[in-house]
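S.K.: Once you've had a glance at the structure underneath, I'll fire off some questions.
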Amino acid sequence: MRSFSEIDTTAKRASKAAGFSWGVAEEIGKSIRSLELFGLPGIINLNNYLKKIKQKHPKKIEKIEKENKTGDKELCPIYSGVAFLDRCLELEKLKSIKFYNVSYPLLMLPFISRASEIMSKKILVQYDNTSFLLNFDKSLFSKNIEKQAPSLTNEVTIEFIENKNSFSEQDWKELYKLSEETFVDESESSKTKAAGAGLTDND
Amino acid sequence: MNKIDIKLRDPNKIMKLSRLGSFHQSKLSFLRSFIREFKSWEYKRNIFELDKDGYGVAVYSFEKNKRNYSLICFSQYINPNERSDRVIATKWDAAFVLHDGIPAREDINRLKENVPKQEIGRMSYKELTLSRANKSVRAFDHVVDSLSSGKQPNKDLLSKVGYLYRTTAVYGSGKFGLADRFRIKDRKEIYGPFRLEMMLVYLVRQFTFDQVNHIAQHRNPDKAVRLDENIARNLGIGNSTGLGMAPFIVNHPTLLHKWIYSREKALKEIRSIENVNLHEFNFFKECLVKSKTIIDTWLTDSQYQNKKINSLKTDLVKFDQFLEKDCSIKAKYLWNTIYLWVEKNLNEECIEYIVSMMMEPYDKIIEPLINNMSSDEEKYFSIPGHKKISYLRKILEKKYQSIIKINFKEKNSTANFWFISKNKEEPRVANRYEENGAELEQPLAIARDIKFLYERVLKANESLTVADFLLNNDDLRHVVRRAFIVDQFPYSEIQDNTIGASLIPIDMLRLKLSFFGAVKFDPRSDKWLRINMYQGAPLSHELKSSNDTWVYNSFN
């Protein structure tokens, strides 16, 4: 078994060799490590993508807007991911963002996952029939993930999830009431001896 | 006298390579903190299956609260012409691996096929550190010959060498399939950095003693004697260290900060002591006197190092006179007075020597710092893209004051480049204008790239965000990241040009090795050196009753 440290280093070096700058290659190393840690096929996807761009290096994305496309060209998942990560705090106000025609979309995921931690918000990512709920870069939940991640997707949708409870007020009240059964009724004497007892607060 | 406000030392001064290359071992060193942590563990020799010539397998372990760490040693015969300390070697007298737990026979058999191969073998997540070593043939053979003929070895000869075996690499943290650090980093006993590497080296030292005793006994069962413990105690483990270590301190900026910051914080706290008591002051003087035996037996052919040693010796004479004449515990803030005098009157080699010595009486100051010498590096990896270019510019002007003054248009400023060798995947440095490969340069020319970044930042719109700036400048992304790290961690960056013509790479090695606790730096060129580790350290059965100043007990 390859260690995650080996995965990080080799992904970084291979990405530099494929034409990315050292700084971006460092990001890729961490990203592939993160995908593999989550049990997702990072190495396979990166390997295939780097082979694909060997002849022609992809264009960088110039700006991130609510909807992102580059004519009939494919968007690079790495440049898109890095640009998204760098701007995540300003993108939050857009609520949701779409990227069209993205190569190897799985490679975007770790950047968005890191953004989730920076923004302190869960993020929902969907492409084709697959969806990922990214939880502050600590964990992710995936639905319908295929063993062989797609090499191209028509549309990646990124949705910022507002920080709100996943339960109703009624659920909370019921649970809280039960938790109260661990409390002890205070006696009069303990009330008079508690913090601040015997002193005037008007001093 | 009013309370005085001692500041941490200025990173622009301390992070220069000449200063970092003058650091010495101290109470913060990893060898010493390893022994302090593991002295209460149960040491055991579990397996010792060597043939009459000392070849075979041995296992040693430490155990506490149902946790075990085991060193598995494989020793083999090699032809003298196959023995090489260089990283290109493919065979070694012995190879070692530290296993998490007690190894089963299947583990030992699996590792027997892989550990002796080192870089081309594969370890598993159950293995923690990996190493190999060669005999110092003249010391090893002399010891075995002497013991087998019923005599103790010649102390003068051993004094010149200082060890029986010399390691040539110690690997950890995920290399060659070893366990990634994140798997074990929450174990309290290994909070201090490189603790498992230090454990490996300590147990290897014990193996070398057991091996010579074993061979001598088999060679002449009637007459052989065991190696005198006083002699054994004064033998350490040698190490040949090349450039592999140098990029480490560049590639782990927050970790570097934590090490240096701990040293600086310790110094600041010690200088802030208003009343130094007699016991503390005497303890300092006692350690200083004892430590001079290390300097007297610090032998090297290196002109560079000899100059430094001579400067240290001369300065220590001056310091003794100052100590005798001008220092009294009646004075307030005595350590601060001493430090200010040292900084004003002595050279860097001796300044840092005295700084290390000043830590000796202060367990209470040092111990809390030890557990803070590791770093969760991932936490500081992301670039805050929302910050403005004006902010980045301020960081560059404040934290890289001397770097941005370097003229990189001069050839001398870019004389070298760092690369990874194809045959052993090891870092190397070469002359940019005389050798091939500069187009594959590693991102270790931090000073040059910071200067490039500064020049581009000066031309950029100040209200631009860093994210927007990076769109057109992603070739400098690696140093943008570093700038934001140094903004939080002032000791994370070497304040020198690591590709300049005057670069002395062994300064970078010495910085790291001093934190390991190595002594007797012996440069063999400007690119590699030999050192000694654990000389004077308690033997395994003495660990429990050992004291922390063992490093000064050596008579070699």
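Identifiers for the structure tokens are assigned positionally: chains receive A, B, ... in sequence, residues are indexed from 1 per chain, and ligands are indexed from 1 in the order shown.
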Taking 5 positions as the minimum chain separation for residues in the same chain, which residues sit within 9 Å of B:Leu267 when counting only C-alpha atoms? Answer as a list in words.
M.R.: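 So the residues in contact are Leu8, Arg9, Ser262, Ser272, Val355, Ser356, Met358 and Met359 of chain B.
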S.K.: Using only C-alpha atoms, determine which residues lie at most 9 Å from B:Ser311, disregarding the query and same-chain residues fewer than 2 positions distant; provide the list as a PyMOL selection string.
M.R.: chain B and resi 306-309+313-316+346-347+349-350
S.K.: Can you write out as JSON lines which residues of chain A fall within 10 Å of chain B, alongside each residue's closest atom pair and its distance in Å to one decimal, counting only C-alpha atoms and ordering rows by chain and ascending residue number?
M.R.:
```
{"residue": "A:Met1", "atom": "CA", "partner": "B:Gly177", "partner_atom": "CA", "distance": 6.4}
{"residue": "A:Arg2", "atom": "CA", "partner": "B:Gly177", "partner_atom": "CA", "distance": 5.3}
{"residue": "A:Ser3", "atom": "CA", "partner": "B:Gly177", "partner_atom": "CA", "distance": 5.0}
{"residue": "A:Phe4", "atom": "CA", "partner": "B:Asp180", "partner_atom": "CA", "distance": 6.5}
{"residue": "A:Ser5", "atom": "CA", "partner": "B:Gly174", "partner_atom": "CA", "distance": 5.2}
{"residue": "A:Glu6", "atom": "CA", "partner": "B:Gly174", "partner_atom": "CA", "distance": 6.5}
{"residue": "A:Ile7", "atom": "CA", "partner": "B:Gly174", "partner_atom": "CA", "distance": 9.4}
{"residue": "A:Arg13", "atom": "CA", "partner": "B:Gln442", "partner_atom": "CA", "distance": 9.8}
{"residue": "A:Lys16", "atom": "CA", "partner": "B:Leu440", "partner_atom": "CA", "distance": 9.5}
{"residue": "A:Ala17", "atom": "CA", "partner": "B:Leu440", "partner_atom": "CA", "distance": 8.8}
{"residue": "A:Phe20", "atom": "CA", "partner": "B:Asp475", "partner_atom": "CA", "distance": 8.4}
{"residue": "A:Ser21", "atom": "CA", "partner": "B:Asp475", "partner_atom": "CA", "distance": 5.1}
{"residue": "A:Trp22", "atom": "CA", "partner": "B:His478", "partner_atom": "CA", "distance": 6.2}
{"residue": "A:Gly23", "atom": "CA", "partner": "B:His478", "partner_atom": "CA", "distance": 4.0}
{"residue": "A:Val24", "atom": "CA", "partner": "B:Arg477", "partner_atom": "CA", "distance": 6.9}
{"residue": "A:Ala25", "atom": "CA", "partner": "B:His478", "partner_atom": "CA", "distance": 9.1}
{"residue": "A:Glu26", "atom": "CA", "partner": "B:His478", "partner_atom": "CA", "distance": 7.7}
{"residue": "A:Glu27", "atom": "CA", "partner": "B:Phe381", "partner_atom": "CA", "distance": 8.7}
{"residue": "A:Lys30", "atom": "CA", "partner": "B:Glu378", "partner_atom": "CA", "distance": 8.7}
{"residue": "A:Lys60", "atom": "CA", "partner": "B:Leu471", "partner_atom": "CA", "distance": 7.6}
{"residue": "A:Ile61", "atom": "CA", "partner": "B:Leu471", "partner_atom": "CA", "distance": 7.9}
{"residue": "A:Glu62", "atom": "CA", "partner": "B:Leu471", "partner_atom": "CA", "distance": 6.7}
{"residue": "A:Lys63", "atom": "CA", "partner": "B:Asp468", "partner_atom": "CA", "distance": 8.3}
{"residue": "A:Tyr79", "atom": "CA", "partner": "B:Leu471", "partner_atom": "CA", "distance": 9.3}
{"residue": "A:Val82", "atom": "CA", "partner": "B:Ala467", "partner_atom": "CA", "distance": 9.3}
{"residue": "A:Ala83", "atom": "CA", "partner": "B:Ala467", "partner_atom": "CA", "distance": 7.2}
{"residue": "A:Phe84", "atom": "CA", "partner": "B:Ala467", "partner_atom": "CA", "distance": 9.2}
{"residue": "A:Leu85", "atom": "CA", "partner": "B:Gly385", "partner_atom": "CA", "distance": 8.0}
{"residue": "A:Asp86", "atom": "CA", "partner": "B:Gly385", "partner_atom": "CA", "distance": 4.5}
{"residue": "A:Arg87", "atom": "CA", "partner": "B:Gly385", "partner_atom": "CA", "distance": 5.9}
{"residue": "A:Cys88", "atom": "CA", "partner": "B:Gly385", "partner_atom": "CA", "distance": 8.3}
{"residue": "A:Leu89", "atom": "CA", "partner": "B:His386", "partner_atom": "CA", "distance": 7.0}
{"residue": "A:Glu90", "atom": "CA", "partner": "B:His386", "partner_atom": "CA", "distance": 7.4}
{"residue": "A:Arg114", "atom": "CA", "partner": "B:Ser382", "partner_atom": "CA", "distance": 8.3}
{"residue": "A:Ala115", "atom": "CA", "partner": "B:Ser382", "partner_atom": "CA", "distance": 9.3}
{"residue": "A:Ile118", "atom": "CA", "partner": "B:Ser382", "partner_atom": "CA", "distance": 8.8}
```
S.K.: Output C-alpha atoms of each residue in that selection to a file, as a compact mmCIF listing (two decimals), in the first residue's frame.
M.R.:
```txt
# COMPACT_ATOMS: atom_id res chain seq x y z
CA MET A 1 0.00 0.00 0.00
CA ARG A 2 1.25 3.48 -0.83
CA SER A 3 1.33 5.88 2.08
CA PHE A 4 -0.59 9.16 1.82
CA SER A 5 2.70 10.99 2.04
CA GLU A 6 3.94 9.14 -1.07
CA ILE A 7 0.65 9.92 -2.83
CA ARG A 13 5.81 16.11 -8.82
CA LYS A 16 4.63 19.95 -12.01
CA ALA A 17 6.00 17.74 -14.79
CA PHE A 20 1.39 23.18 -13.54
CA SER A 21 3.36 25.66 -11.43
CA TRP A 22 4.96 24.45 -8.20
CA GLY A 23 2.38 26.31 -6.12
CA VAL A 24 -0.53 24.71 -7.98
CA ALA A 25 1.25 21.34 -7.94
CA GLU A 26 1.44 21.60 -4.13
CA GLU A 27 -2.34 22.12 -4.09
CA LYS A 30 -2.80 17.76 -1.05
CA LYS A 60 -6.80 29.04 -16.65
CA ILE A 61 -10.20 30.25 -15.61
CA GLU A 62 -10.14 34.05 -15.54
CA LYS A 63 -13.04 34.82 -13.29
CA TYR A 79 -7.63 25.64 -12.25
CA VAL A 82 -7.98 26.52 -7.17
CA ALA A 83 -9.75 29.68 -8.35
CA PHE A 84 -12.86 28.64 -6.42
CA LEU A 85 -10.85 27.99 -3.27
CA ASP A 86 -8.99 31.31 -3.47
CA ARG A 87 -12.27 33.22 -3.85
CA CYS A 88 -14.58 31.16 -1.72
CA LEU A 89 -15.38 33.91 0.78
CA GLU A 90 -16.54 36.30 -1.93
CA ARG A 114 -11.33 22.90 1.73
CA ALA A 115 -13.49 25.91 0.88
CA ILE A 118 -12.75 28.06 5.30
```
S.K.: Report as a PyMOL selection string all protein, DNA and RNA residues lying within 9 Å of stretch 142-154 of chain A, evaluated on only C-alpha atoms, omitting residues in the same chain fewer than 4 positions from it.
M.R.: chain A and resi 40-41+44-45+48-49+74+99-106+127-134
S.K.: Would you export the selected residues with N, CA, C and O atoms as a tab-separated table (two decimals), in the first residue's frame, please?
M.R.:
```tsv
chain	number	residue	atom	x	y	z
A	40	LEU	N	-11.77	7.95	-2.33
A	40	LEU	CA	-12.19	8.24	-3.71
A	40	LEU	C	-10.98	8.10	-4.66
A	40	LEU	O	-9.84	8.28	-4.24
A	41	PRO	N	-11.24	7.79	-5.92
A	41	PRO	CA	-10.15	7.45	-6.85
A	41	PRO	C	-9.36	8.66	-7.35
A	41	PRO	O	-9.44	9.03	-8.52
A	44	ILE	N	-6.22	7.66	-9.91
A	44	ILE	CA	-6.68	7.24	-11.25
A	44	ILE	C	-7.11	8.47	-12.05
A	44	ILE	O	-6.73	8.65	-13.21
A	45	ASN	N	-7.89	9.32	-11.42
A	45	ASN	CA	-8.40	10.50	-12.12
A	45	ASN	C	-7.29	11.46	-12.50
A	45	ASN	O	-7.27	12.01	-13.60
A	48	ASN	N	-5.19	10.01	-15.40
A	48	ASN	CA	-5.88	10.12	-16.69
A	48	ASN	C	-5.93	11.57	-17.17
A	48	ASN	O	-5.75	11.85	-18.35
A	49	TYR	N	-6.16	12.47	-16.24
A	49	TYR	CA	-6.26	13.88	-16.64
A	49	TYR	C	-4.92	14.41	-17.12
A	49	TYR	O	-4.84	15.12	-18.12
A	74	GLU	N	-13.20	22.57	-22.77
A	74	GLU	CA	-13.47	21.96	-21.47
A	74	GLU	C	-12.81	22.76	-20.36
A	74	GLU	O	-11.70	23.27	-20.54
A	99	PHE	N	-20.57	25.20	-13.14
A	99	PHE	CA	-19.45	25.09	-14.08
A	99	PHE	C	-19.90	24.13	-15.17
A	99	PHE	O	-20.38	23.03	-14.88
A	100	TYR	N	-19.75	24.55	-16.44
A	100	TYR	CA	-20.19	23.69	-17.55
A	100	TYR	C	-18.98	23.05	-18.23
A	100	TYR	O	-17.91	23.65	-18.33
A	101	ASN	N	-19.22	21.84	-18.71
A	101	ASN	CA	-18.22	21.17	-19.53
A	101	ASN	C	-16.88	21.01	-18.78
A	101	ASN	O	-15.84	21.50	-19.22
A	102	VAL	N	-16.94	20.31	-17.66
A	102	VAL	CA	-15.75	20.17	-16.81
A	102	VAL	C	-15.10	18.80	-17.00
A	102	VAL	O	-15.76	17.76	-16.91
A	103	SER	N	-13.80	18.80	-17.26
A	103	SER	CA	-13.04	17.54	-17.35
A	103	SER	C	-12.88	16.96	-15.95
A	103	SER	O	-12.69	17.70	-14.99
A	104	TYR	N	-12.88	15.68	-15.84
A	104	TYR	CA	-12.59	14.95	-14.60
A	104	TYR	C	-13.09	15.72	-13.35
A	104	TYR	O	-12.31	16.17	-12.52
A	105	PRO	N	-14.41	15.88	-13.23
A	105	PRO	CA	-14.97	16.75	-12.18
A	105	PRO	C	-14.58	16.33	-10.76
A	105	PRO	O	-14.55	17.16	-9.86
A	106	LEU	N	-14.28	15.05	-10.58
A	106	LEU	CA	-13.93	14.60	-9.22
A	106	LEU	C	-12.71	15.37	-8.69
A	106	LEU	O	-12.58	15.60	-7.49
A	127	TYR	N	-22.94	16.46	-9.96
A	127	TYR	CA	-22.74	16.34	-11.40
A	127	TYR	C	-23.25	14.98	-11.85
A	127	TYR	O	-23.21	14.03	-11.09
A	128	ASP	N	-23.75	14.95	-13.08
A	128	ASP	CA	-24.40	13.73	-13.58
A	128	ASP	C	-25.38	13.23	-12.52
A	128	ASP	O	-26.16	14.00	-12.01
A	129	ASN	N	-25.30	11.97	-12.14
A	129	ASN	CA	-26.23	11.48	-11.11
A	129	ASN	C	-25.60	11.45	-9.73
A	129	ASN	O	-26.16	10.90	-8.79
A	130	THR	N	-24.40	12.02	-9.63
A	130	THR	CA	-23.65	11.90	-8.38
A	130	THR	C	-23.77	13.17	-7.56
A	130	THR	O	-23.77	14.27	-8.11
A	131	SER	N	-23.86	13.00	-6.25
A	131	SER	CA	-23.83	14.20	-5.40
A	131	SER	C	-22.95	13.96	-4.18
A	131	SER	O	-22.80	12.83	-3.71
A	132	PHE	N	-22.34	15.04	-3.72
A	132	PHE	CA	-21.47	14.99	-2.55
A	132	PHE	C	-21.88	16.10	-1.59
A	132	PHE	O	-22.04	17.25	-2.00
A	133	LEU	N	-22.03	15.75	-0.33
A	133	LEU	CA	-22.22	16.77	0.69
A	133	LEU	C	-20.90	16.90	1.44
A	133	LEU	O	-20.42	15.94	2.06
A	134	LEU	N	-20.29	18.08	1.33
A	134	LEU	CA	-18.96	18.28	1.92
A	134	LEU	C	-19.10	18.96	3.27
A	134	LEU	O	-19.71	20.04	3.37
```
S.K.: Please return as JSON, numbers by chain: the residues of stretch 103-196 of chain A that backbone DSSP assigns to alpha helix (DSSP H).
M.R.: {"A": [109, 110, 111, 112, 113, 114, 115, 116, 117, 118, 119, 169, 170, 171, 172, 173, 174, 175, 176, 177, 178, 179, 188, 189, 190, 191, 192, 193]}
S.K.: Leaving out stretch 119-123 of chain A and any residue of its chain fewer than 3 positions from it, which residues lie within 8 Å of it when counting only C-alpha atoms, given as a list in words?
M.R.: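 These residues fall inside the cut-off: Cys88, Leu89, Glu92, Ile112, Ser113, Ala115, Ser116, Leu133, Leu134, Asn135, Phe136, Ile158, Glu159, Phe160, Ile161, Glu162 and Asn163 of chain A.
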S.K.: Just list the residues in stretch 3-187 of chain A DSSP gives strand (DSSP E or B) on the backbone, as a VMD selection string.
M.R.: chain A and resid 67 to 68 70 73 75 96 to 103 122 to 127 130 to 135 139 to 143 152 to 161
S.K.: For the selection just defined, write its residues with N, CA and C atoms to a file, as a compact mmCIF listing (two decimals), in the first residue's frame.
M.R.:
```txt
# COMPACT_ATOMS: atom_id res chain seq x y z
N GLU A 67 -22.36 31.46 -13.41
CA GLU A 67 -22.31 30.39 -14.41
C GLU A 67 -20.98 30.50 -15.16
N ASN A 68 -20.27 29.40 -15.28
CA ASN A 68 -18.93 29.44 -15.86
C ASN A 68 -18.80 28.46 -17.02
N THR A 70 -16.44 28.04 -21.02
CA THR A 70 -15.44 28.62 -21.94
C THR A 70 -15.76 28.15 -23.36
N LYS A 73 -14.80 24.75 -25.22
CA LYS A 73 -13.64 24.12 -24.56
C LYS A 73 -14.04 23.52 -23.21
N LEU A 75 -13.49 22.87 -19.23
CA LEU A 75 -12.90 23.57 -18.08
C LEU A 75 -11.96 22.63 -17.33
N SER A 96 -25.35 29.67 -5.22
CA SER A 96 -25.00 28.46 -5.99
C SER A 96 -24.23 28.88 -7.25
N ILE A 97 -23.38 27.98 -7.70
CA ILE A 97 -22.52 28.28 -8.85
C ILE A 97 -22.52 27.08 -9.79
N LYS A 98 -22.45 27.37 -11.07
CA LYS A 98 -22.42 26.25 -12.04
C LYS A 98 -21.16 26.33 -12.90
N PHE A 99 -20.57 25.20 -13.14
CA PHE A 99 -19.45 25.09 -14.08
C PHE A 99 -19.90 24.13 -15.17
N TYR A 100 -19.75 24.55 -16.44
CA TYR A 100 -20.19 23.69 -17.55
C TYR A 100 -18.98 23.05 -18.23
N ASN A 101 -19.22 21.84 -18.71
CA ASN A 101 -18.22 21.17 -19.53
C ASN A 101 -16.88 21.01 -18.78
N VAL A 102 -16.94 20.31 -17.66
CA VAL A 102 -15.75 20.17 -16.81
C VAL A 102 -15.10 18.80 -17.00
N SER A 103 -13.80 18.80 -17.26
CA SER A 103 -13.04 17.54 -17.35
C SER A 103 -12.88 16.96 -15.95
N LYS A 122 -21.46 23.93 4.97
CA LYS A 122 -21.52 22.70 4.18
C LYS A 122 -21.76 23.08 2.72
N ILE A 123 -21.25 22.28 1.83
CA ILE A 123 -21.44 22.57 0.40
C ILE A 123 -21.93 21.30 -0.30
N LEU A 124 -22.92 21.48 -1.14
CA LEU A 124 -23.44 20.35 -1.92
C LEU A 124 -22.90 20.46 -3.35
N VAL A 125 -22.28 19.40 -3.82
CA VAL A 125 -21.74 19.39 -5.19
C VAL A 125 -22.45 18.28 -5.97
N GLN A 126 -22.93 18.63 -7.16
CA GLN A 126 -23.64 17.61 -7.97
C GLN A 126 -23.17 17.63 -9.41
N TYR A 127 -22.94 16.46 -9.96
CA TYR A 127 -22.74 16.34 -11.40
C TYR A 127 -23.25 14.98 -11.85
N THR A 130 -24.40 12.02 -9.63
CA THR A 130 -23.65 11.90 -8.38
C THR A 130 -23.77 13.17 -7.56
N SER A 131 -23.86 13.00 -6.25
CA SER A 131 -23.83 14.20 -5.40
C SER A 131 -22.95 13.96 -4.18
N PHE A 132 -22.34 15.04 -3.72
CA PHE A 132 -21.47 14.99 -2.55
C PHE A 132 -21.88 16.10 -1.59
N LEU A 133 -22.03 15.75 -0.33
CA LEU A 133 -22.22 16.77 0.69
C LEU A 133 -20.90 16.90 1.44
N LEU A 134 -20.29 18.08 1.33
CA LEU A 134 -18.96 18.28 1.92
C LEU A 134 -19.10 18.96 3.27
N ASN A 135 -18.56 18.33 4.29
CA ASN A 135 -18.73 18.82 5.67
C ASN A 135 -17.43 19.39 6.22
N SER A 139 -15.40 15.48 6.52
CA SER A 139 -15.97 14.25 5.97
C SER A 139 -16.81 14.62 4.75
N LEU A 140 -17.18 13.63 3.99
CA LEU A 140 -18.13 13.90 2.91
C LEU A 140 -19.10 12.73 2.78
N PHE A 141 -20.32 13.06 2.38
CA PHE A 141 -21.31 12.02 2.09
C PHE A 141 -21.53 12.01 0.60
N SER A 142 -21.52 10.84 0.03
CA SER A 142 -21.71 10.80 -1.42
C SER A 142 -22.90 9.90 -1.76
N LYS A 143 -23.51 10.22 -2.88
CA LYS A 143 -24.66 9.44 -3.34
C LYS A 143 -24.44 9.07 -4.79
N LEU A 152 -15.65 13.58 -18.18
CA LEU A 152 -16.22 14.87 -18.57
C LEU A 152 -17.67 14.92 -18.08
N THR A 153 -18.06 16.08 -17.60
CA THR A 153 -19.46 16.24 -17.22
C THR A 153 -19.99 17.54 -17.82
N ASN A 154 -21.24 17.53 -18.14
CA ASN A 154 -21.85 18.73 -18.74
C ASN A 154 -21.96 19.85 -17.73
N GLU A 155 -22.21 19.48 -16.49
CA GLU A 155 -22.52 20.53 -15.53
C GLU A 155 -22.15 20.10 -14.10
N VAL A 156 -21.41 20.98 -13.42
CA VAL A 156 -21.14 20.78 -11.99
C VAL A 156 -21.89 21.89 -11.26
N THR A 157 -22.74 21.51 -10.32
CA THR A 157 -23.48 22.51 -9.54
C THR A 157 -22.94 22.53 -8.11
N ILE A 158 -22.64 23.72 -7.65
CA ILE A 158 -22.13 23.88 -6.28
C ILE A 158 -23.12 24.75 -5.51
N GLU A 159 -23.58 24.21 -4.40
CA GLU A 159 -24.59 24.94 -3.63
C GLU A 159 -24.12 25.09 -2.19
N PHE A 160 -24.11 26.34 -1.72
CA PHE A 160 -23.71 26.59 -0.33
C PHE A 160 -24.91 26.34 0.58
N ILE A 161 -24.72 25.51 1.58
CA ILE A 161 -25.83 25.17 2.48
C ILE A 161 -25.79 26.10 3.68
```
S.K.: Out of B:Ile420, B:Leu369, B:Ile351, B:Ala430, which residue has the shortest atom-to-atom distance to B:Ser18 when counting only C-alpha atoms?
M.R.: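 Smallest distance to B:Ser18 is found for B:Ile351.
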S.K.: To one decimal in Å, tell me the separation between atom CA of B:Arg187 and atom CA of B:Val59.
M.R.: 22.4 Å
S.K.: So that I can check the surroundings of A:Ile43, please list as a short mmCIF file (atom, residue, chain, number, x, y, z; two decimals) with N, CA, C and O atoms, in the first residue's frame every protein, DNA and RNA residue that reaches within 7 Å of it, counting only C-alpha atoms and ignoring chain neighbours fewer than 3 positions away.
M.R.:
```
data_model
loop_
_atom_site.label_atom_id
_atom_site.label_comp_id
_atom_site.auth_asym_id
_atom_site.auth_seq_id
_atom_site.Cartn_x
_atom_site.Cartn_y
_atom_site.Cartn_z
N ILE A 32 -5.13 15.28 -4.00
CA ILE A 32 -5.20 13.85 -4.32
C ILE A 32 -5.08 13.02 -3.05
O ILE A 32 -5.79 12.02 -2.86
N LEU A 46 -6.35 11.66 -11.59
CA LEU A 46 -5.27 12.60 -11.89
C LEU A 46 -4.41 12.04 -13.02
O LEU A 46 -4.06 12.76 -13.97
N ASN A 47 -4.09 10.78 -12.92
CA ASN A 47 -3.26 10.14 -13.94
C ASN A 47 -3.89 10.30 -15.33
O ASN A 47 -3.25 10.73 -16.29
#
```
S.K.: Mind giving me the straight-line distance from atom CA of B:Gln488 to atom CA of B:Leu458 in Å, one decimal?
M.R.: 22.1 Å
